[in-house]
Amino acid sequence: MTVWDDLVGQDRVQQQLAAAARDADVLVTAVSAREPVPPGSKMTHAWLFTGPPGSGRSTAARAFAAALQCTSPDRALGGIPGCGFCDGCHTSLVGTHADVDVIRTDLLSIGVKETRDLVRRAQLSPAIGRWQVIILEDADRLTEGAGNVLLKAVEEPAPRTVWLLCAPSLEDVLPTIRSRCRHLTLRTPPVDAVADVLIRRDGIDPERAAAVARATQGHIGRARRLATDERARARRAAVLKLPLRIDDVGGCLKAAQELIDTATDEARQVSDEVDVKETEDMKTALGAVAGGRMPRGTAGVMKDLEDRQKRRKTRSQRDSLDLALTDLTGFYRDVLALQLGSRIAIANVDAQDSLDRIARSSTPERTLRRIEAVIACRQALDRNVAPLLAVEAMTMALRAG
């Protein structure tokens with residue numbers, strides 16, 4: 001098993017990364033031996049991975065990082081770096097390599113302070129590996145100020161530092177940063193390829209693997225969660241029933257409230273356990289005395305922690321809502337396919353009765369307006385509109401068609 005095996009349906013990207021890893025290996029060997037660097041190297045210091053959700057941007061970045069740190073003796077015999085078995089590959093993939101930093105955020109944005117700390121780390125030489133690799137999984141969440149801080153490091157990197165940035169599209173990254181990166185665009189993996197991975201690697205039943213891969217339209221992470229989490233399947237089933245529950249204004253408002261409540265409960269389940277542990281660890285570190293009283297001067301630190309936890313819970317709620325809206329968009333996409341007599345495969349086969357009912361009772365024009373209403377809701381949430389107001393406006397628009 002090589003490091004590239006988890007890259008599903010990305011043959012072109014895999015070939016480019018493998019070629020760059022091979023040239024990077026030659027480059028390090030030449031520098032170490034004080035030999036001339038071969039011309040025409042495909043290796044560069046900054047990469048930008050873009051592609052739709054579920055395409056495997058961070059997976060590709062991790063695989064490339066592992067290939068750069070590969071220590072397999074087969075490299076000297078012409079083998080491609082990225083064996084998947086050596087210590088460099090293994091520790092890079094599991095996240096314990098000293099010279100591979102994976103940066104992700106559970107907040108709504110990445111600020112200047114965090115980025116400055118990251119840039120300082122990037123100036124260090126590799127401790128044990130061949131390269132210092134920084135993987136920024138949420139480059140689209142950099143604030144403008146944070147992006148300007150990062151720009152200087154990308155413009156003038158340390159000699160053996162590699163930046164791997166991940167974002168949904170080029171437009172989500174500052175033009176000044178993307179102009180200094182090599183672009184790699186990933187595509188949505190084929191449904192059959194996703195199902196095969198779930199069967200082969202996760203031991204999922206073939207029938208269920210095919211169903212969840214089709215339902216998520218090639219999103220690997222969501223497909224795995226649907227296949228293994230009963231609560232995720234129940235939540236999706238409830239979302240797909242929403243179009244049948246908005247016949248009147250009361251139904252619209254009730255459906256919107258239930259959608260918000262579900263997202264809030266899910267966010268609370270995700271964050272509560274983490275929040276409690278973080279709070280206890282912080283109190284212990286600050287020297288809380290018997291009875292839970294905190295020493296003087298620590299109130300500000302605890303307030304900062306509470307603010308961070310609140311922002312993280314908001315991010316979790318927004319992510320849960322966005323997932324529900326994605327499922328809803330897929331539902332109306334299937335309705336439109338039925339109305340137009342398209343031959344494309346229906347994603348939500350398990351909701352066939354609902355699809356047929358909505359398709360018969362409306363027109364393609366109304367379905368398109370409903371898809372636009374869901375998209376408008378997602379955009380409103382991105383602009384920090386109150387979630388309940390945004391979802392209520394959407395359900396009313398879905399009713400009107």
# chains A, B, ... in the order shown; residues from 1 in each chain; ligands from 1
>>> closest_atom_pairs(of="stretch 214-251 of chain A", to="stretch 182-206 of chain A", cutoff="8 Å", atoms="only C-alpha atoms", output="tab-separated table")
residue	atom	partner	partner_atom	distance
A:Arg214	CA	A:Val191	CA	5.8
A:Gln217	CA	A:Val191	CA	6.2
A:Gly218	CA	A:Val191	CA	4.9
A:His219	CA	A:Thr188	CA	7.2
A:Ile220	CA	A:Val194	CA	6.1
A:Ala223	CA	A:Val194	CA	7.9
A:Arg224	CA	A:Leu198	CA	6.8
A:Ala227	CA	A:Ile204	CA	7.1
>>> write_last_selection(atoms="N, CA, C and O atoms", output="mmCIF file, in the first residue's frame")
data_model
loop_
_atom_site.group_PDB
_atom_site.id
_atom_site.type_symbol
_atom_site.label_atom_id
_atom_site.label_comp_id
_atom_site.auth_asym_id
_atom_site.auth_seq_id
_atom_site.Cartn_x
_atom_site.Cartn_y
_atom_site.Cartn_z
ATOM 1 N N ARG A 214 -23.575 6.849 -3.643
ATOM 2 C CA ARG A 214 -24.505 7.498 -4.572
ATOM 3 C C ARG A 214 -25.212 8.664 -3.884
ATOM 4 O O ARG A 214 -25.405 9.730 -4.473
ATOM 5 N N GLN A 217 -22.888 11.571 -3.614
ATOM 6 C CA GLN A 217 -22.345 11.995 -4.910
ATOM 7 C C GLN A 217 -20.818 12.098 -4.907
ATOM 8 O O GLN A 217 -20.233 13.069 -5.402
ATOM 9 N N GLY A 218 -20.171 11.086 -4.321
ATOM 10 C CA GLY A 218 -18.723 11.012 -4.401
ATOM 11 C C GLY A 218 -17.964 11.702 -3.281
ATOM 12 O O GLY A 218 -16.741 11.815 -3.358
ATOM 13 N N HIS A 219 -18.648 12.173 -2.244
ATOM 14 C CA HIS A 219 -17.966 12.802 -1.104
ATOM 15 C C HIS A 219 -17.504 11.687 -0.167
ATOM 16 O O HIS A 219 -18.318 11.061 0.531
ATOM 17 N N ILE A 220 -16.208 11.430 -0.126
ATOM 18 C CA ILE A 220 -15.687 10.267 0.589
ATOM 19 C C ILE A 220 -15.968 10.333 2.087
ATOM 20 O O ILE A 220 -16.443 9.368 2.692
ATOM 21 N N ALA A 223 -19.674 9.935 2.832
ATOM 22 C CA ALA A 223 -20.099 8.568 2.535
ATOM 23 C C ALA A 223 -19.700 7.624 3.658
ATOM 24 O O ALA A 223 -20.494 6.775 4.093
ATOM 25 N N ARG A 224 -18.488 7.772 4.169
ATOM 26 C CA ARG A 224 -18.035 6.905 5.262
ATOM 27 C C ARG A 224 -18.865 7.155 6.525
ATOM 28 O O ARG A 224 -19.222 6.211 7.234
ATOM 29 N N ALA A 227 -22.270 5.600 6.178
ATOM 30 C CA ALA A 227 -22.208 4.139 6.229
ATOM 31 C C ALA A 227 -22.017 3.618 7.645
ATOM 32 O O ALA A 227 -22.429 2.498 7.951
#
>>> residues_around(residues="stretch 248-254 of chain A", least_positions_apart="6", cutoff="8 Å", atoms="only C-alpha atoms", output="list in words")
Glu392, Thr395, Met396 and Arg399 of chain A
>>> write_last_selection(atoms="N, CA and C atoms", output="PDB file, in the first residue's frame")
ATOM      1  N   GLU A 392     -35.629  30.192   7.874  1.00  0.00           N
ATOM      2  CA  GLU A 392     -37.053  30.507   7.713  1.00  0.00           C
ATOM      3  C   GLU A 392     -37.326  31.134   6.349  1.00  0.00           C
ATOM      4  N   THR A 395     -37.269  28.262   3.807  1.00  0.00           N
ATOM      5  CA  THR A 395     -38.430  27.378   3.780  1.00  0.00           C
ATOM      6  C   THR A 395     -39.645  28.085   3.192  1.00  0.00           C
ATOM      7  N   MET A 396     -39.786  29.378   3.439  1.00  0.00           N
ATOM      8  CA  MET A 396     -40.892  30.126   2.834  1.00  0.00           C
ATOM      9  C   MET A 396     -40.719  30.202   1.325  1.00  0.00           C
ATOM     10  N   ARG A 399     -41.640  26.878  -0.209  1.00  0.00           N
ATOM     11  CA  ARG A 399     -43.101  26.716  -0.297  1.00  0.00           C
ATOM     12  C   ARG A 399     -43.662  27.472  -1.503  1.00  0.00           C
TER      13      ARG A 399
END
>>> closest_atom_pairs(of="stretch 299-365 of chain A", to="stretch 104-110 of chain A", cutoff="6 Å", atoms="only C-alpha atoms", output="tab-separated table")
residue	atom	partner	partner_atom	distance
A:Arg311	CA	A:Leu107	CA	5.6
A:Arg312	CA	A:Leu107	CA	4.7
A:Arg315	CA	A:Leu108	CA	5.5
>>> write_last_selection(atoms="all heavy atoms", output="CSV table (one decimal), in the first residue's frame")
chain,number,residue,atom,x,y,z
A,311,ARG,N,-17.0,30.1,19.7
A,311,ARG,CA,-16.8,30.2,18.3
A,311,ARG,C,-16.7,28.9,17.6
A,311,ARG,O,-17.2,28.7,16.5
A,311,ARG,CB,-15.5,31.0,18.0
A,311,ARG,CG,-15.5,32.5,18.4
A,311,ARG,CD,-14.4,33.3,17.7
A,311,ARG,NE,-13.1,32.8,18.1
A,311,ARG,CZ,-12.4,33.1,19.1
A,311,ARG,NH1,-12.9,34.0,19.9
A,311,ARG,NH2,-11.2,32.6,19.3
A,312,ARG,N,-16.1,27.9,18.3
A,312,ARG,CA,-16.1,26.5,17.8
A,312,ARG,C,-17.5,25.9,17.7
A,312,ARG,O,-17.8,25.2,16.7
A,312,ARG,CB,-15.2,25.7,18.7
A,312,ARG,CG,-15.0,24.2,18.2
A,312,ARG,CD,-13.9,23.5,18.9
A,312,ARG,NE,-14.2,23.5,20.4
A,312,ARG,CZ,-13.3,23.3,21.3
A,312,ARG,NH1,-12.0,23.2,20.9
A,312,ARG,NH2,-13.6,23.2,22.5
A,315,ARG,N,-19.1,27.3,14.7
A,315,ARG,CA,-18.6,26.7,13.5
A,315,ARG,C,-19.3,25.3,13.3
A,315,ARG,O,-19.7,25.0,12.2
A,315,ARG,CB,-17.1,26.6,13.6
A,315,ARG,CG,-16.4,25.6,12.6
A,315,ARG,CD,-16.3,26.2,11.2
A,315,ARG,NE,-15.8,25.1,10.3
A,315,ARG,CZ,-14.6,24.9,10.0
A,315,ARG,NH1,-13.6,25.6,10.6
A,315,ARG,NH2,-14.2,23.9,9.2
>>> select_by_dssp(residues="stretch 173-369 of chain A", states="alpha helix (DSSP H)", output="ChimeraX atom specification")
/A:175-178,191-202,206-215,220-228,230-240,249-286,299-340,352-361,364-369
>>> atom_distance(atom1="atom CA of A:Glu156", atom2="atom CA of A:His45")
9.5 Å
>>> atom_distance(atom1="atom CA of A:Val13", atom2="atom CA of A:Gly147")
25.6 Å
>>> residues_around(residues="A:Arg75", least_positions_apart="4", cutoff="12 Å", atoms="only C-alpha atoms", output="ChimeraX atom specification")
/A:21-26,29,67-71,79-83,86
>>> write_last_selection(atoms="C-alpha atoms", output="compact mmCIF listing (two decimals), in the first residue's frame")
# COMPACT_ATOMS: atom_id res chain seq x y z
CA ALA A 21 8.24 13.97 -5.01
CA ARG A 22 10.77 12.15 -7.18
CA ASP A 23 12.39 15.47 -8.21
CA ALA A 24 12.34 16.65 -4.58
CA ASP A 25 14.21 13.49 -3.59
CA VAL A 26 16.82 14.13 -6.29
CA THR A 29 20.25 14.21 -2.47
CA ALA A 67 6.21 11.09 -0.13
CA LEU A 68 8.51 14.04 0.58
CA GLN A 69 9.54 12.44 3.89
CA CYS A 70 9.86 8.90 2.48
CA THR A 71 13.01 7.07 3.59
CA GLY A 79 11.50 3.58 -6.86
CA ILE A 80 8.96 6.37 -6.49
CA PRO A 81 8.97 8.05 -3.04
CA GLY A 82 5.87 7.27 -1.03
CA CYS A 83 6.18 3.58 -0.21
CA CYS A 86 8.77 3.36 6.04
>>> closest_residue(among="A:Asp99, A:Glu207, A:Asp140, A:Asp382", to="A:Gln123", atoms="only C-alpha atoms")
A:Asp99
>>> residues_around(residues="stretch 113-117 of chain A", least_positions_apart="2", cutoff="12 Å", atoms="only C-alpha atoms", output="MDAnalysis selection string")
chainID A and resid 103:105 107 109:111 119:124 134 136 138:139 141:153
>>> write_last_selection(atoms="C-alpha atoms", output="CSV table (one decimal), in the first residue's frame")
chain,number,residue,atom,x,y,z
A,103,ILE,CA,-3.1,23.1,10.5
A,104,ARG,CA,-6.8,23.0,10.6
A,105,THR,CA,-9.3,25.2,12.5
A,107,LEU,CA,-13.4,28.1,14.3
A,109,SER,CA,-11.6,31.9,10.7
A,110,ILE,CA,-7.8,31.8,11.1
A,111,GLY,CA,-6.5,35.0,12.5
A,119,VAL,CA,5.2,31.4,10.0
A,120,ARG,CA,7.7,31.3,12.8
A,121,ARG,CA,7.6,27.5,12.9
A,122,ALA,CA,8.0,27.4,9.1
A,123,GLN,CA,11.4,29.2,9.4
A,124,LEU,CA,12.9,26.2,11.3
A,134,ILE,CA,3.3,22.9,6.5
A,136,LEU,CA,-2.9,24.4,5.9
A,138,ASP,CA,-8.4,25.6,5.7
A,139,ALA,CA,-6.5,28.3,3.7
A,141,ARG,CA,-10.6,30.6,6.3
A,142,LEU,CA,-7.6,33.0,6.6
A,143,THR,CA,-8.6,36.5,7.3
A,144,GLU,CA,-7.2,39.2,5.1
A,145,GLY,CA,-4.7,40.2,7.7
A,146,ALA,CA,-3.7,36.6,8.2
A,147,GLY,CA,-3.3,36.1,4.5
A,148,ASN,CA,-0.9,39.1,4.3
A,149,VAL,CA,1.2,37.6,7.1
A,150,LEU,CA,1.3,34.3,5.2
A,151,LEU,CA,2.2,36.0,1.9
A,152,LYS,CA,5.7,37.0,3.2
A,153,ALA,CA,6.5,33.4,4.2
>>> residues_around(residues="A:Pro126", least_positions_apart="3", cutoff="8 Å", atoms="only C-alpha atoms", output="list in words")
Asp99, Gly129, Arg130, Trp131, Gln132, Arg160 and Thr161 of chain A
>>> residues_around(residues="A:Arg236", least_positions_apart="4", cutoff="8 Å", atoms="only C-alpha atoms", output="PDB file with N, CA, C and O atoms, in the first residue's frame")
ATOM      1  N   ALA A 232     -26.272   9.898  11.689  1.00  0.00           N
ATOM      2  CA  ALA A 232     -26.130  10.657  10.437  1.00  0.00           C
ATOM      3  C   ALA A 232     -27.189  10.246   9.430  1.00  0.00           C
ATOM      4  O   ALA A 232     -27.746  11.087   8.710  1.00  0.00           O
ATOM      5  N   LEU A 240     -34.540  15.093   4.180  1.00  0.00           N
ATOM      6  CA  LEU A 240     -35.181  14.768   2.906  1.00  0.00           C
ATOM      7  C   LEU A 240     -36.705  14.762   3.009  1.00  0.00           C
ATOM      8  O   LEU A 240     -37.392  14.786   1.978  1.00  0.00           O
ATOM      9  N   ALA A 324     -26.884  19.824   5.903  1.00  0.00           N
ATOM     10  CA  ALA A 324     -28.314  19.633   5.653  1.00  0.00           C
ATOM     11  C   ALA A 324     -28.737  20.329   4.363  1.00  0.00           C
ATOM     12  O   ALA A 324     -29.511  19.784   3.564  1.00  0.00           O
ATOM     13  N   ASP A 327     -27.677  18.327   1.373  1.00  0.00           N
ATOM     14  CA  ASP A 327     -28.610  17.222   1.126  1.00  0.00           C
ATOM     15  C   ASP A 327     -29.888  17.721   0.460  1.00  0.00           C
ATOM     16  O   ASP A 327     -30.440  17.063  -0.428  1.00  0.00           O
TER      17      ASP A 327
END
